[in-house]
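Reviewing the structure listed below.
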Amino acid sequence: MIFRQLFDTVSSTYSYLLGDERTREAVLIDPVFERHQRDLALVRELGLTLVSTLDTHCHADHVTGAWLMRSALGSTIGASGVIGAQNVDRPLADGEVVRFGDQSLEVRSTPGHTDGCLTFVTADQIMAFTGDCLLIRGSGRTDFQQGDPHRMWRSIRERIFSLPDACFVYPAHDYDGRTVSTIVEEKRFNPRIGGEAREEDFVGAMTNLGLPHPKQIDVAVPANLRAGMPDDGRYPAPAAWGPVVPSYGGIFEIDPEWVAKHRDQVHMLDVRTTGEVEGELGRLAGAQLLPLDELRARAAEVPRDKPVVVVCQSGKRSALATLLLKKAGVTDVANVAGGMLRWRHLGLPG
């Protein structure tokens, strides 16, 4: 199975992309709104067909990217039916199975953090995605949004700790850089519910955490009750001036064919050396020549009255140039995908 663990540094949220090797069908668990373009790029680069996004619960610390993914790729939205959120295509209940290709996830109801919390378990029970119920050496808070430490105790003890000891635990959050645990580790070492802990110990600890109110709750919960759909119901474009597509590596790229048809609407910047420009690939008429090794010192020479489109031989150096220009304050900038090699291969005019 294809597996990728993704992280949002702002909310300390983990998202998980799981794909079937044979059919290339995939699901994305707990997508984050602000990381949509990153996740979308990864799905496309891996050649996957995203069939569904799955939210473990109604998050209070970030807005889900589920609606954005459905808008971009047509993937269905799955979340607990208990939540009653709008735009959910598949209200999930305990015991259901979510299939993607030859792979599947069992849905386990694990309330306690919220009443709509779910844990997703792979068919071989080797991976469990526990949301905000069981965390690594911790557990989700129970002091708001239908939280109940008694229910969480039962969810962890009966629904999660019943999994095989070797099962990997992948939570929705971690605040100390921990990426994965196992059932046996949490049974032994979890300071709230592991070892010889009893229910009264767990409940006492959970009711005395004294945590601050979630900063994003007033924004996140209403948005997540719409499955992440913005107030205006519109899909945000990554750039207004052209069909810019961000790569998984964070490079904003644009197709050379579009650039060739809209030369008068952009400023073209060539970051190759003088020798290369005079070589077999030639140069593009009207393009500003500014070699990459001089760009940091001369970034102010790049005009900013039009979007800047950067090119080099293969698109590698120009990709770096776009990052340098962004740091220099150029907001509208994109890399010509494939560089001059692709430009010439497509037979575009110089």
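Each chain in the structure tokens gets a letter, A, B and so on, in the order shown; residues start at 1 in every chain, and ligands are counted from 1 in the order they appear.
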
Practice task
Quick one: everything within 12 Å of Gly204 in chain A, counting only C-alpha atoms, minus sequence neighbours fewer than 5 positions away in the same chain. Send it as a list in words.
Solution key: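 Skipping anything fewer than 5 positions along the chain leaves Thr142, Asp148, Pro149, His150, Trp153, Arg192, Ile193, Ala197, Arg198, Glu199, Leu209 and Gly210 of chain A.
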
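Close contacts of Glu21 in chain A, defined as residues with an atom at most 12 Å away when counting only C-alpha atoms, with chain neighbours fewer than 6 positions off set aside, comprise Met1, Ile2, Phe3, Leu46, Gly47, Leu48, Thr49, Phe100, Gly101, Asp102 and Gln103 of chain A.
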
Dump N, CA and C atoms for the selected residues as an mmCIF file, in the first residue's frame?
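After the write, again-v4.cif holds the following:
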data_model
loop_
_atom_site.group_PDB
_atom_site.id
_atom_site.type_symbol
_atom_site.label_atom_id
_atom_site.label_comp_id
_atom_site.auth_asym_id
_atom_site.auth_seq_id
_atom_site.Cartn_x
_atom_site.Cartn_y
_atom_site.Cartn_z
ATOM 1 N N MET A 1 0.835 -1.202 0.000
ATOM 2 C CA MET A 1 0.000 0.000 0.000
ATOM 3 C C MET A 1 0.869 1.250 0.000
ATOM 4 N N ILE A 2 0.451 2.238 -0.768
ATOM 5 C CA ILE A 2 1.130 3.526 -0.766
ATOM 6 C C ILE A 2 0.716 4.272 0.500
ATOM 7 N N PHE A 3 1.687 4.849 1.204
ATOM 8 C CA PHE A 3 1.382 5.543 2.455
ATOM 9 C C PHE A 3 2.262 6.770 2.592
ATOM 10 N N LEU A 46 1.832 11.341 -7.740
ATOM 11 C CA LEU A 46 1.886 9.894 -7.530
ATOM 12 C C LEU A 46 0.946 9.149 -8.470
ATOM 13 N N GLY A 47 0.194 9.874 -9.284
ATOM 14 C CA GLY A 47 -0.703 9.237 -10.231
ATOM 15 C C GLY A 47 -1.868 8.525 -9.575
ATOM 16 N N LEU A 48 -2.393 9.118 -8.506
ATOM 17 C CA LEU A 48 -3.477 8.491 -7.756
ATOM 18 C C LEU A 48 -4.834 9.086 -8.131
ATOM 19 N N THR A 49 -5.867 8.309 -7.952
ATOM 20 C CA THR A 49 -7.244 8.772 -8.072
ATOM 21 C C THR A 49 -7.818 8.844 -6.663
ATOM 22 N N PHE A 100 -10.935 1.347 -1.147
ATOM 23 C CA PHE A 100 -10.213 2.051 -2.206
ATOM 24 C C PHE A 100 -9.322 1.032 -2.893
ATOM 25 N N GLY A 101 -9.738 0.653 -4.119
ATOM 26 C CA GLY A 101 -9.042 -0.415 -4.812
ATOM 27 C C GLY A 101 -9.141 -1.720 -4.051
ATOM 28 N N ASP A 102 -8.006 -2.380 -3.876
ATOM 29 C CA ASP A 102 -7.971 -3.643 -3.138
ATOM 30 C C ASP A 102 -7.809 -3.440 -1.635
ATOM 31 N N GLN A 103 -7.751 -2.192 -1.199
ATOM 32 C CA GLN A 103 -7.542 -1.874 0.211
ATOM 33 C C GLN A 103 -8.860 -1.416 0.850
#

Handout entry: Selection: 9 Å around range 159-168 of chain A, only C-alpha atoms, excl. self and same-chain fewer than 2 positions, as a VMD selection string
Key = chain A and resid 108 to 110 119 125 to 130 134 154 to 157 170 180 to 187

Restricting the output to N, CA and C atoms, write the selected residues as a tab-separated table (two decimals), in the first residue's frame.
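Output saved as part.tsv:
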chain	number	residue	atom	x	y	z
A	108	ARG	N	-14.37	2.61	13.12
A	108	ARG	CA	-14.68	2.33	14.52
A	108	ARG	C	-15.10	3.63	15.20
A	109	SER	N	-16.24	3.62	15.83
A	109	SER	CA	-16.70	4.77	16.58
A	109	SER	C	-15.93	4.85	17.88
A	110	THR	N	-15.24	5.99	18.10
A	110	THR	CA	-14.43	6.17	19.32
A	110	THR	C	-14.70	7.54	19.93
A	119	THR	N	-12.17	6.17	14.46
A	119	THR	CA	-10.85	5.61	14.23
A	119	THR	C	-10.95	4.73	13.00
A	125	GLN	N	-5.29	-4.82	10.13
A	125	GLN	CA	-5.16	-4.31	11.50
A	125	GLN	C	-3.71	-4.00	11.87
A	126	ILE	N	-2.96	-3.52	10.88
A	126	ILE	CA	-1.58	-3.14	11.15
A	126	ILE	C	-1.44	-1.64	11.31
A	127	MET	N	-2.47	-0.86	10.93
A	127	MET	CA	-2.43	0.59	11.05
A	127	MET	C	-3.77	1.09	11.56
A	128	ALA	N	-3.74	1.99	12.55
A	128	ALA	CA	-4.96	2.61	13.08
A	128	ALA	C	-4.77	4.13	13.09
A	129	PHE	N	-5.73	4.82	12.52
A	129	PHE	CA	-5.71	6.29	12.47
A	129	PHE	C	-6.72	6.78	13.49
A	130	THR	N	-6.19	7.24	14.63
A	130	THR	CA	-6.99	7.40	15.84
A	130	THR	C	-7.52	8.81	16.07
A	134	LEU	N	-6.99	8.62	20.85
A	134	LEU	CA	-5.70	8.20	21.40
A	134	LEU	C	-4.58	8.94	20.68
A	154	ARG	N	-13.61	4.31	27.57
A	154	ARG	CA	-14.16	3.09	26.96
A	154	ARG	C	-13.72	2.98	25.49
A	155	SER	N	-13.68	4.11	24.79
A	155	SER	CA	-13.26	4.07	23.40
A	155	SER	C	-11.84	3.54	23.25
A	156	ILE	N	-10.95	4.06	24.08
A	156	ILE	CA	-9.55	3.63	23.98
A	156	ILE	C	-9.39	2.20	24.46
A	157	ARG	N	-9.94	1.88	25.61
A	157	ARG	CA	-9.76	0.56	26.20
A	157	ARG	C	-10.43	-0.55	25.38
A	170	TYR	N	-1.45	5.98	14.47
A	170	TYR	CA	-1.20	7.24	13.78
A	170	TYR	C	-2.27	8.24	14.21
A	180	VAL	N	4.68	8.27	15.16
A	180	VAL	CA	3.95	7.00	15.19
A	180	VAL	C	4.24	6.28	16.50
A	181	SER	N	3.29	5.49	16.93
A	181	SER	CA	3.46	4.63	18.10
A	181	SER	C	2.86	3.27	17.77
A	182	THR	N	2.73	2.42	18.77
A	182	THR	CA	2.06	1.13	18.59
A	182	THR	C	1.09	0.92	19.75
A	183	ILE	N	0.18	0.00	19.55
A	183	ILE	CA	-0.79	-0.30	20.61
A	183	ILE	C	-0.08	-0.75	21.88
A	184	VAL	N	0.90	-1.63	21.74
A	184	VAL	CA	1.58	-2.14	22.94
A	184	VAL	C	2.34	-1.03	23.67
A	185	GLU	N	2.93	-0.10	22.92
A	185	GLU	CA	3.62	1.02	23.57
A	185	GLU	C	2.66	1.85	24.39
A	186	GLU	N	1.50	2.17	23.80
A	186	GLU	CA	0.53	3.00	24.52
A	186	GLU	C	-0.07	2.26	25.70
A	187	LYS	N	-0.26	0.96	25.58
A	187	LYS	CA	-0.74	0.17	26.72
A	187	LYS	C	0.24	0.24	27.89

Handout entry: Counting only C-alpha atoms, the residue of A:Leu292, A:Leu42, A:Ile136, A:Ala300 that sits nearest Leu323 in chain A
Key =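 Looking only at the distances to Leu323 in chain A, the closest residue turns out to be A:Leu292.
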
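For Ala297 in chain A, the list of residues within 12 Å, based on only C-alpha atoms and with local chain neighbours fewer than 4 positions off taken out, reads Leu290, Pro291, Leu292, Asp293, Glu301, Val302, Leu324, Leu325 and Ala328 of chain A.
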
Find the residues around Leu284 in chain A up to 12 Å (only C-alpha atoms counted), leave out those fewer than 4 positions away in its own chain, and share them as a PDB file with C-alpha atoms, in the first residue's frame.
ATOM      1  CA  PRO A 256       4.962  26.589 -21.402  1.00  0.00           C
ATOM      2  CA  VAL A 259       3.149  31.195 -21.576  1.00  0.00           C
ATOM      3  CA  ALA A 260       3.737  31.120 -25.333  1.00  0.00           C
ATOM      4  CA  ARG A 263       3.831  36.468 -23.780  1.00  0.00           C
ATOM      5  CA  HIS A 267       7.675  39.271 -17.867  1.00  0.00           C
ATOM      6  CA  MET A 268       9.988  36.447 -18.904  1.00  0.00           C
ATOM      7  CA  LEU A 269      13.184  35.949 -16.931  1.00  0.00           C
ATOM      8  CA  ASP A 270      15.922  33.623 -18.209  1.00  0.00           C
ATOM      9  CA  VAL A 271      18.342  32.515 -15.465  1.00  0.00           C
ATOM     10  CA  ARG A 272      20.771  30.594 -17.686  1.00  0.00           C
ATOM     11  CA  VAL A 277      21.645  31.348 -24.214  1.00  0.00           C
ATOM     12  CA  GLU A 278      23.959  31.400 -27.223  1.00  0.00           C
ATOM     13  CA  GLN A 288      15.461  39.334 -19.474  1.00  0.00           C
ATOM     14  CA  LEU A 289      18.742  37.477 -18.989  1.00  0.00           C
ATOM     15  CA  VAL A 309       7.738  33.708 -15.533  1.00  0.00           C
ATOM     16  CA  VAL A 310      11.172  32.130 -15.043  1.00  0.00           C
ATOM     17  CA  VAL A 311      12.915  29.747 -17.432  1.00  0.00           C
ATOM     18  CA  CYS A 312      16.209  27.848 -17.593  1.00  0.00           C
ATOM     19  CA  GLN A 313      17.399  24.759 -19.463  1.00  0.00           C
ATOM     20  CA  GLY A 339      12.306  24.734 -19.114  1.00  0.00           C
ATOM     21  CA  MET A 340      13.712  25.395 -22.562  1.00  0.00           C
ATOM     22  CA  TRP A 343       9.715  24.589 -24.866  1.00  0.00           C
ATOM     23  CA  ARG A 344      11.727  23.436 -27.877  1.00  0.00           C
ATOM     24  CA  LEU A 348       6.908  26.807 -29.394  1.00  0.00           C
ATOM     25  CA  PRO A 349       8.085  30.065 -30.971  1.00  0.00           C
ATOM     26  CA  GLY A 350      11.214  31.708 -29.665  1.00  0.00           C
TER      27      GLY A 350
END

Handout entry: Among the residues A:Thr207, A:Leu92, A:Arg298, A:Tyr16, the one that comes closest to Gly140 in chain A [using only C-alpha atoms]
Key =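 Counting only C-alpha atoms, the residue closest to Gly140 in chain A is A:Thr207.
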
Problem - Using only C-alpha atoms: which of A:Gly95, A:Gly131, A:Pro238, A:Gly233 has the shortest distance to Asp332 in chain A - result: A:Pro238

Completion exercise
CA of Gly84 in chain A sits from CA of Leu225 in chain A at a separation of 7.3 Å
